[in-house]
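A short write-up of the structure that comes next.
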Amino acid sequence: MVKKYQDKRDRPLDETINNRWFQRFSVTMFLGGQVLWRILSGKVDRRKIMEHLVTVGLDSLRAVLLIAFFAGMIFTIQSARELIRFGAVGAVGGAFALAFCRELAPVLTAGVVAGQVGSAFAAEIGEMQVTEQIDALYMLRTNPVDYLVVPRVIACCVMLPILTIFSVAVGIIGGVFVAAIFYELEPSVFLESVRTFLGPWDLVTVAIKSFIFGLIIAIVGCGWGLTTTGGGKGVGQAATAAVVTSWVFIFVADFFLSLLLFHELGITRS
(Lines give C-alpha, C1' and ligand atoms only; values in the text may rest on other atoms or scores of the structure.)
Protein backbone atom coordinates (compact mmCIF):
# COMPACT_ATOMS: atom_id res chain seq x y z
CA MET A 1 0.00 0.00 0.00
CA VAL A 2 2.82 2.37 0.91
CA LYS A 3 4.75 1.50 -2.25
CA LYS A 4 1.66 2.11 -4.37
CA TYR A 5 1.18 5.52 -2.75
CA GLN A 6 4.84 6.43 -3.31
CA ASP A 7 4.63 5.44 -6.99
CA LYS A 8 1.62 7.68 -7.47
CA ARG A 9 3.32 10.52 -5.65
CA ASP A 10 6.66 10.25 -7.45
CA ARG A 11 5.35 9.82 -10.98
CA PRO A 12 4.09 13.40 -11.40
CA LEU A 13 7.38 14.70 -9.99
CA ASP A 14 9.41 12.74 -12.55
CA GLU A 15 7.14 13.89 -15.34
CA THR A 16 7.45 17.49 -14.15
CA ILE A 17 11.24 17.28 -14.10
CA ASN A 18 11.38 15.76 -17.60
CA ASN A 19 8.93 18.28 -19.00
CA ARG A 20 10.88 21.09 -17.35
CA TRP A 21 14.13 19.92 -18.95
CA PHE A 22 12.62 19.67 -22.42
CA GLN A 23 10.99 23.06 -21.98
CA ARG A 24 14.33 24.59 -21.07
CA PHE A 25 16.04 22.78 -23.93
CA SER A 26 13.47 24.08 -26.44
CA VAL A 27 13.81 27.64 -25.15
CA THR A 28 17.59 27.37 -25.32
CA MET A 29 17.54 26.17 -28.93
CA PHE A 30 15.22 29.03 -29.86
CA LEU A 31 17.52 31.40 -27.98
CA GLY A 32 20.47 30.17 -30.03
CA GLY A 33 18.65 31.05 -33.23
CA GLN A 34 17.86 34.51 -31.87
CA VAL A 35 21.50 35.08 -30.94
CA LEU A 36 22.67 34.10 -34.42
CA TRP A 37 20.14 36.44 -36.01
CA ARG A 38 21.12 39.33 -33.72
CA ILE A 39 24.81 38.87 -34.47
CA LEU A 40 24.20 38.74 -38.22
CA SER A 41 22.05 41.86 -37.90
CA GLY A 42 24.91 43.69 -36.18
CA LYS A 43 22.99 44.27 -32.94
CA VAL A 44 25.98 43.90 -30.65
CA ASP A 45 26.83 45.84 -27.49
CA ARG A 46 30.63 46.17 -27.71
CA ARG A 47 30.98 47.61 -24.22
CA LYS A 48 29.26 44.59 -22.66
CA ILE A 49 31.37 42.27 -24.79
CA MET A 50 34.60 43.73 -23.38
CA GLU A 51 33.24 43.33 -19.86
CA HIS A 52 32.46 39.65 -20.41
CA LEU A 53 35.74 38.99 -22.20
CA VAL A 54 37.45 39.85 -18.93
CA THR A 55 35.03 37.65 -16.98
CA VAL A 56 35.46 34.64 -19.24
CA GLY A 57 39.17 35.04 -19.95
CA LEU A 58 41.09 36.55 -17.06
CA ASP A 59 38.88 35.16 -14.30
CA SER A 60 39.26 31.61 -15.65
CA LEU A 61 42.90 31.79 -16.73
CA ARG A 62 44.51 30.82 -13.43
CA ALA A 63 42.38 27.70 -12.94
CA VAL A 64 42.77 26.66 -16.58
CA LEU A 65 46.57 26.92 -16.52
CA LEU A 66 46.91 25.14 -13.18
CA ILE A 67 44.71 22.24 -14.25
CA ALA A 68 46.44 21.99 -17.65
CA PHE A 69 49.89 21.86 -16.04
CA PHE A 70 49.02 19.03 -13.67
CA ALA A 71 46.96 17.21 -16.30
CA GLY A 72 49.94 17.32 -18.65
CA MET A 73 52.19 15.88 -15.95
CA ILE A 74 49.71 13.14 -15.04
CA PHE A 75 49.18 12.12 -18.65
CA THR A 76 52.93 12.00 -19.30
CA ILE A 77 53.50 9.81 -16.24
CA GLN A 78 50.91 7.29 -17.43
CA SER A 79 51.93 7.23 -21.10
CA ALA A 80 55.73 7.52 -20.78
CA ARG A 81 55.99 4.59 -18.36
CA GLU A 82 54.38 2.19 -20.82
CA LEU A 83 56.04 3.54 -23.97
CA ILE A 84 59.54 3.49 -22.46
CA ARG A 85 58.95 -0.09 -21.30
CA PHE A 86 58.44 -1.08 -24.96
CA GLY A 87 61.38 0.98 -26.14
CA ALA A 88 59.29 3.67 -27.85
CA VAL A 89 61.04 6.62 -26.21
CA GLY A 90 60.67 8.82 -29.25
CA ALA A 91 56.88 8.38 -29.27
CA VAL A 92 56.27 9.79 -25.79
CA GLY A 93 55.76 13.32 -27.00
CA GLY A 94 53.69 12.12 -29.97
CA ALA A 95 51.28 10.18 -27.79
CA PHE A 96 50.99 13.22 -25.56
CA ALA A 97 50.29 15.47 -28.54
CA LEU A 98 47.63 13.24 -30.05
CA ALA A 99 45.65 12.59 -26.88
CA PHE A 100 46.20 15.62 -24.64
CA CYS A 101 46.32 18.39 -27.22
CA ARG A 102 43.52 17.08 -29.44
CA GLU A 103 41.06 15.92 -26.81
CA LEU A 104 41.96 16.43 -23.17
CA ALA A 105 42.97 20.10 -23.26
CA PRO A 106 39.82 21.37 -25.04
CA VAL A 107 37.49 19.31 -22.85
CA LEU A 108 39.23 20.23 -19.58
CA THR A 109 39.29 23.91 -20.48
CA ALA A 110 35.61 23.83 -21.44
CA GLY A 111 34.84 22.06 -18.17
CA VAL A 112 36.55 24.76 -16.12
CA VAL A 113 34.76 27.53 -18.00
CA ALA A 114 31.43 25.72 -17.71
CA GLY A 115 31.84 25.34 -13.97
CA GLN A 116 32.99 28.88 -13.34
CA VAL A 117 31.46 31.00 -16.09
CA GLY A 118 28.47 28.97 -17.27
CA SER A 119 27.13 28.63 -13.73
CA ALA A 120 27.67 32.35 -13.17
CA PHE A 121 25.72 33.18 -16.31
CA ALA A 122 22.82 30.99 -15.22
CA ALA A 123 22.84 32.39 -11.67
CA GLU A 124 23.08 36.04 -12.72
CA ILE A 125 20.36 35.86 -15.37
CA GLY A 126 18.28 33.54 -13.19
CA GLU A 127 18.34 36.06 -10.35
CA MET A 128 17.27 38.79 -12.77
CA GLN A 129 14.45 36.55 -13.96
CA VAL A 130 13.02 35.72 -10.52
CA THR A 131 13.31 39.34 -9.35
CA GLU A 132 11.49 40.55 -12.50
CA GLN A 133 14.45 42.57 -13.77
CA ILE A 134 13.97 40.94 -17.19
CA ASP A 135 10.46 42.41 -17.31
CA ALA A 136 11.95 45.78 -16.39
CA LEU A 137 14.22 45.58 -19.42
CA TYR A 138 11.19 45.07 -21.63
CA MET A 139 9.54 48.08 -19.99
CA LEU A 140 12.64 50.12 -20.88
CA ARG A 141 12.39 48.91 -24.50
CA THR A 142 15.62 46.90 -24.14
CA ASN A 143 15.78 43.42 -25.64
CA PRO A 144 17.24 41.01 -23.03
CA VAL A 145 18.82 38.93 -25.78
CA ASP A 146 20.79 41.93 -27.06
CA TYR A 147 21.72 43.15 -23.60
CA LEU A 148 22.34 39.90 -21.69
CA VAL A 149 22.86 36.97 -24.03
CA VAL A 150 24.68 38.11 -27.18
CA PRO A 151 27.69 39.67 -25.36
CA ARG A 152 28.12 36.55 -23.23
CA VAL A 153 27.96 34.23 -26.24
CA ILE A 154 30.51 36.26 -28.21
CA ALA A 155 32.83 36.49 -25.19
CA CYS A 156 32.78 32.71 -24.64
CA CYS A 157 33.28 31.91 -28.32
CA VAL A 158 36.25 34.30 -28.53
CA MET A 159 37.98 33.52 -25.25
CA LEU A 160 37.62 29.74 -25.04
CA PRO A 161 39.88 29.01 -28.07
CA ILE A 162 42.48 31.39 -26.61
CA LEU A 163 42.28 29.72 -23.20
CA THR A 164 42.59 26.31 -24.85
CA ILE A 165 45.75 27.29 -26.73
CA PHE A 166 47.26 28.47 -23.44
CA SER A 167 46.14 25.19 -21.90
CA VAL A 168 47.88 23.18 -24.63
CA ALA A 169 51.11 25.17 -24.20
CA VAL A 170 51.14 24.82 -20.40
CA GLY A 171 50.24 21.13 -20.65
CA ILE A 172 53.23 20.55 -22.94
CA ILE A 173 55.44 22.33 -20.40
CA GLY A 174 54.13 20.00 -17.69
CA GLY A 175 54.81 16.99 -19.90
CA VAL A 176 58.36 18.13 -20.65
CA PHE A 177 58.98 18.68 -16.93
CA VAL A 178 57.86 15.18 -15.92
CA ALA A 179 59.63 13.49 -18.84
CA ALA A 180 62.91 15.22 -17.95
CA ILE A 181 62.76 14.83 -14.16
CA PHE A 182 61.33 11.33 -13.74
CA TYR A 183 62.29 9.57 -16.97
CA GLU A 184 65.46 11.48 -17.90
CA LEU A 185 64.07 12.18 -21.35
CA GLU A 186 65.67 15.12 -23.12
CA PRO A 187 63.25 18.02 -23.63
CA SER A 188 64.39 18.31 -27.24
CA VAL A 189 63.37 14.68 -27.91
CA PHE A 190 59.95 15.21 -26.31
CA LEU A 191 59.29 18.46 -28.16
CA GLU A 192 60.49 17.06 -31.50
CA SER A 193 58.06 14.18 -31.10
CA VAL A 194 55.27 16.64 -30.31
CA ARG A 195 56.16 18.71 -33.37
CA THR A 196 56.18 15.61 -35.57
CA PHE A 197 52.75 14.38 -34.51
CA LEU A 198 51.04 17.73 -33.91
CA GLY A 199 50.50 19.68 -37.11
CA PRO A 200 48.90 23.05 -37.89
CA TRP A 201 45.59 21.34 -38.72
CA ASP A 202 45.45 19.94 -35.18
CA LEU A 203 45.64 23.43 -33.72
CA VAL A 204 42.86 24.52 -36.08
CA THR A 205 40.67 21.63 -34.93
CA VAL A 206 41.38 22.53 -31.30
CA ALA A 207 40.22 26.09 -32.00
CA ILE A 208 37.09 24.85 -33.80
CA LYS A 209 36.20 22.54 -30.94
CA SER A 210 36.76 25.26 -28.37
CA PHE A 211 34.59 27.68 -30.34
CA ILE A 212 31.72 25.16 -30.37
CA PHE A 213 32.22 24.41 -26.67
CA GLY A 214 32.13 28.12 -25.85
CA LEU A 215 28.88 28.48 -27.79
CA ILE A 216 27.37 25.57 -25.86
CA ILE A 217 28.43 26.92 -22.47
CA ALA A 218 27.09 30.42 -23.10
CA ILE A 219 23.80 29.37 -24.70
CA VAL A 220 23.03 26.76 -22.05
CA GLY A 221 23.98 29.08 -19.18
CA CYS A 222 21.85 31.93 -20.50
CA GLY A 223 18.97 29.65 -21.54
CA TRP A 224 18.80 27.95 -18.16
CA GLY A 225 19.00 31.36 -16.48
CA LEU A 226 16.15 32.84 -18.51
CA THR A 227 13.90 29.86 -17.65
CA THR A 228 14.57 30.04 -13.90
CA THR A 229 11.61 29.89 -11.51
CA GLY A 230 11.17 29.33 -7.79
CA GLY A 231 13.12 32.17 -6.17
CA GLY A 232 16.57 31.70 -4.67
CA LYS A 233 16.32 27.91 -4.62
CA GLY A 234 15.47 27.92 -8.33
CA VAL A 235 18.53 30.07 -9.07
CA GLY A 236 20.82 27.54 -7.41
CA GLN A 237 19.17 24.64 -9.22
CA ALA A 238 19.44 26.46 -12.55
CA ALA A 239 23.17 27.12 -12.06
CA THR A 240 23.85 23.48 -11.16
CA ALA A 241 21.72 22.12 -13.99
CA ALA A 242 23.41 24.47 -16.47
CA VAL A 243 26.85 23.08 -15.60
CA VAL A 244 25.73 19.44 -15.83
CA THR A 245 23.88 20.03 -19.10
CA SER A 246 26.87 21.87 -20.56
CA TRP A 247 29.13 18.95 -19.68
CA VAL A 248 26.77 16.49 -21.39
CA PHE A 249 26.49 18.59 -24.54
CA ILE A 250 30.27 19.18 -24.60
CA PHE A 251 30.99 15.44 -24.64
CA VAL A 252 28.30 14.76 -27.23
CA ALA A 253 29.64 17.58 -29.43
CA ASP A 254 33.22 16.37 -28.91
CA PHE A 255 32.31 12.91 -30.15
CA PHE A 256 30.73 14.15 -33.37
CA LEU A 257 33.42 16.79 -33.94
CA SER A 258 36.11 14.13 -33.55
CA LEU A 259 34.37 11.96 -36.13
CA LEU A 260 34.04 14.93 -38.48
CA LEU A 261 37.49 16.46 -38.04
CA PHE A 262 39.47 13.21 -37.69
CA HIS A 263 37.43 11.08 -40.08
CA GLU A 264 40.42 8.96 -41.12
CA LEU A 265 40.09 6.44 -38.31
CA GLY A 266 42.66 4.03 -39.67
CA ILE A 267 40.26 1.08 -39.55
CA THR A 268 40.83 -1.56 -42.20
CA ARG A 269 37.69 -3.36 -43.32
CA SER A 270 37.93 -6.74 -44.93
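The chains in the C-alpha coordinates are called A, B, ... from first to last as shown; in each chain the residues are counted from 1, and the ligands are counted from 1 in the order shown.
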
Region 97-110 of chain A environment, 6 Å, only C-alpha atoms, sequence neighbours closer than 2 positions dropped, as number ranges by chain: A: 64, 94-95, 112-114, 164, 168, 194, 198, 210

Sorted per-residue table, region 54-159 of chain A near region 171-188 of chain A, closest atoms and distance, 9 Å, only C-alpha atoms, as JSON lines:
{"residue": "A:Leu65", "atom": "CA", "partner": "A:Gly171", "partner_atom": "CA", "distance": 8.0}
{"residue": "A:Ile67", "atom": "CA", "partner": "A:Gly171", "partner_atom": "CA", "distance": 8.5}
{"residue": "A:Ala68", "atom": "CA", "partner": "A:Gly171", "partner_atom": "CA", "distance": 4.9}
{"residue": "A:Phe69", "atom": "CA", "partner": "A:Gly171", "partner_atom": "CA", "distance": 4.7}
{"residue": "A:Phe70", "atom": "CA", "partner": "A:Gly174", "partner_atom": "CA", "distance": 6.6}
{"residue": "A:Ala71", "atom": "CA", "partner": "A:Gly171", "partner_atom": "CA", "distance": 6.7}
{"residue": "A:Gly72", "atom": "CA", "partner": "A:Gly171", "partner_atom": "CA", "distance": 4.3}
{"residue": "A:Met73", "atom": "CA", "partner": "A:Gly175", "partner_atom": "CA", "distance": 4.9}
{"residue": "A:Ile74", "atom": "CA", "partner": "A:Gly175", "partner_atom": "CA", "distance": 8.0}
{"residue": "A:Phe75", "atom": "CA", "partner": "A:Gly175", "partner_atom": "CA", "distance": 7.6}
{"residue": "A:Thr76", "atom": "CA", "partner": "A:Gly175", "partner_atom": "CA", "distance": 5.4}
{"residue": "A:Ile77", "atom": "CA", "partner": "A:Val178", "partner_atom": "CA", "distance": 6.9}
{"residue": "A:Ala80", "atom": "CA", "partner": "A:Ala179", "partner_atom": "CA", "distance": 7.4}
{"residue": "A:Arg81", "atom": "CA", "partner": "A:Tyr183", "partner_atom": "CA", "distance": 8.1}
{"residue": "A:Ile84", "atom": "CA", "partner": "A:Tyr183", "partner_atom": "CA", "distance": 8.6}
{"residue": "A:Val89", "atom": "CA", "partner": "A:Leu185", "partner_atom": "CA", "distance": 8.0}
{"residue": "A:Val92", "atom": "CA", "partner": "A:Ala179", "partner_atom": "CA", "distance": 8.6}
{"residue": "A:Gly93", "atom": "CA", "partner": "A:Gly175", "partner_atom": "CA", "distance": 8.1}
{"residue": "A:Phe96", "atom": "CA", "partner": "A:Gly175", "partner_atom": "CA", "distance": 7.8}
{"residue": "A:Ala97", "atom": "CA", "partner": "A:Ile172", "partner_atom": "CA", "distance": 8.1}
{"residue": "A:Phe100", "atom": "CA", "partner": "A:Gly171", "partner_atom": "CA", "distance": 7.9}
{"residue": "A:Cys101", "atom": "CA", "partner": "A:Gly171", "partner_atom": "CA", "distance": 8.1}
{"residue": "A:Ala105", "atom": "CA", "partner": "A:Gly171", "partner_atom": "CA", "distance": 7.8}

So which bits of region 224-267 of chain A end up alpha helix (DSSP H) when you DSSP the backbone, as JSON, numbers by chain? {"A": [224, 225, 226, 231, 232, 233, 234, 235, 236, 237, 238, 239, 240, 241, 242, 243, 244, 245, 246, 247, 248, 249, 250, 251, 252, 253, 254, 255, 256, 257, 258, 259, 260, 261]}

Distance in Å - CA of Ile39 (chain A) versus CA of Val243 (chain A): 24.7 Å

Neighbour list for Gln133 (chain A) as JSON, numbers by chain, cut-off 12 Å, only C-alpha atoms, skip fewer than 6 positions in-chain: {"A": [124, 125, 126, 127, 139, 140, 142, 143, 144, 148, 226]}

Top pick for closest residue to Thr55 (chain A), considering A:Pro151, A:Gly231, A:Gly225, A:Gly236 and counting only C-alpha atoms: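 Comparing A:Pro151, A:Gly231, A:Gly225, A:Gly236 against Thr55 (chain A), the winner is A:Pro151.
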
So that I can see what lies close to Ser119 (chain A), please list as a list in words the residues with an atom at most 10 Å from it, counting only C-alpha atoms and leaving out residues fewer than 6 positions away in the same chain.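 With the cut-off at 10 Å, the set is Val113, Ile217, Ala218, Val220, Gly221, Cys222, Trp224, Gly225, Val235, Gly236, Gln237, Ala238, Ala239, Thr240, Ala241, Ala242, Val243, Val244 and Ser246 of chain A.
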
Got time to write the residues from that selection, N, CA and C atoms, as a tab-separated table (two decimals), in the first residue's frame?
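Saved result, result.tsv, follows:
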chain	number	residue	atom	x	y	z
A	113	VAL	N	35.57	26.36	-17.65
A	113	VAL	CA	34.76	27.53	-18.00
A	113	VAL	C	33.28	27.27	-17.72
A	217	ILE	N	28.42	26.45	-23.85
A	217	ILE	CA	28.43	26.92	-22.47
A	217	ILE	C	27.60	28.19	-22.31
A	218	ALA	N	27.79	29.14	-23.21
A	218	ALA	CA	27.09	30.42	-23.10
A	218	ALA	C	25.59	30.26	-23.33
A	220	VAL	N	23.68	27.54	-23.11
A	220	VAL	CA	23.03	26.76	-22.05
A	220	VAL	C	22.93	27.58	-20.76
A	221	GLY	N	24.01	28.26	-20.39
A	221	GLY	CA	23.98	29.08	-19.18
A	221	GLY	C	22.91	30.16	-19.24
A	222	CYS	N	22.85	30.86	-20.36
A	222	CYS	CA	21.85	31.93	-20.50
A	222	CYS	C	20.44	31.36	-20.62
A	224	TRP	N	19.24	28.46	-19.46
A	224	TRP	CA	18.80	27.95	-18.16
A	224	TRP	C	18.52	29.11	-17.20
A	225	GLY	N	19.25	30.20	-17.33
A	225	GLY	CA	19.00	31.36	-16.48
A	225	GLY	C	17.68	32.03	-16.81
A	235	VAL	N	17.29	29.53	-8.51
A	235	VAL	CA	18.53	30.07	-9.07
A	235	VAL	C	19.67	29.07	-8.87
A	236	GLY	N	19.78	28.53	-7.66
A	236	GLY	CA	20.82	27.54	-7.41
A	236	GLY	C	20.66	26.29	-8.25
A	237	GLN	N	19.43	25.82	-8.40
A	237	GLN	CA	19.17	24.64	-9.22
A	237	GLN	C	19.48	24.91	-10.69
A	238	ALA	N	19.16	26.12	-11.15
A	238	ALA	CA	19.44	26.46	-12.55
A	238	ALA	C	20.94	26.49	-12.81
A	239	ALA	N	21.71	27.05	-11.88
A	239	ALA	CA	23.17	27.12	-12.06
A	239	ALA	C	23.78	25.72	-12.10
A	240	THR	N	23.33	24.85	-11.18
A	240	THR	CA	23.85	23.48	-11.16
A	240	THR	C	23.46	22.72	-12.41
A	241	ALA	N	22.20	22.83	-12.80
A	241	ALA	CA	21.72	22.12	-13.99
A	241	ALA	C	22.41	22.63	-15.25
A	242	ALA	N	22.73	23.92	-15.31
A	242	ALA	CA	23.41	24.47	-16.47
A	242	ALA	C	24.80	23.85	-16.63
A	243	VAL	N	25.52	23.68	-15.54
A	243	VAL	CA	26.85	23.08	-15.60
A	243	VAL	C	26.77	21.63	-16.07
A	244	VAL	N	25.86	20.85	-15.47
A	244	VAL	CA	25.73	19.44	-15.83
A	244	VAL	C	25.31	19.30	-17.29
A	246	SER	N	25.75	21.46	-19.71
A	246	SER	CA	26.87	21.87	-20.56
A	246	SER	C	27.88	20.75	-20.72
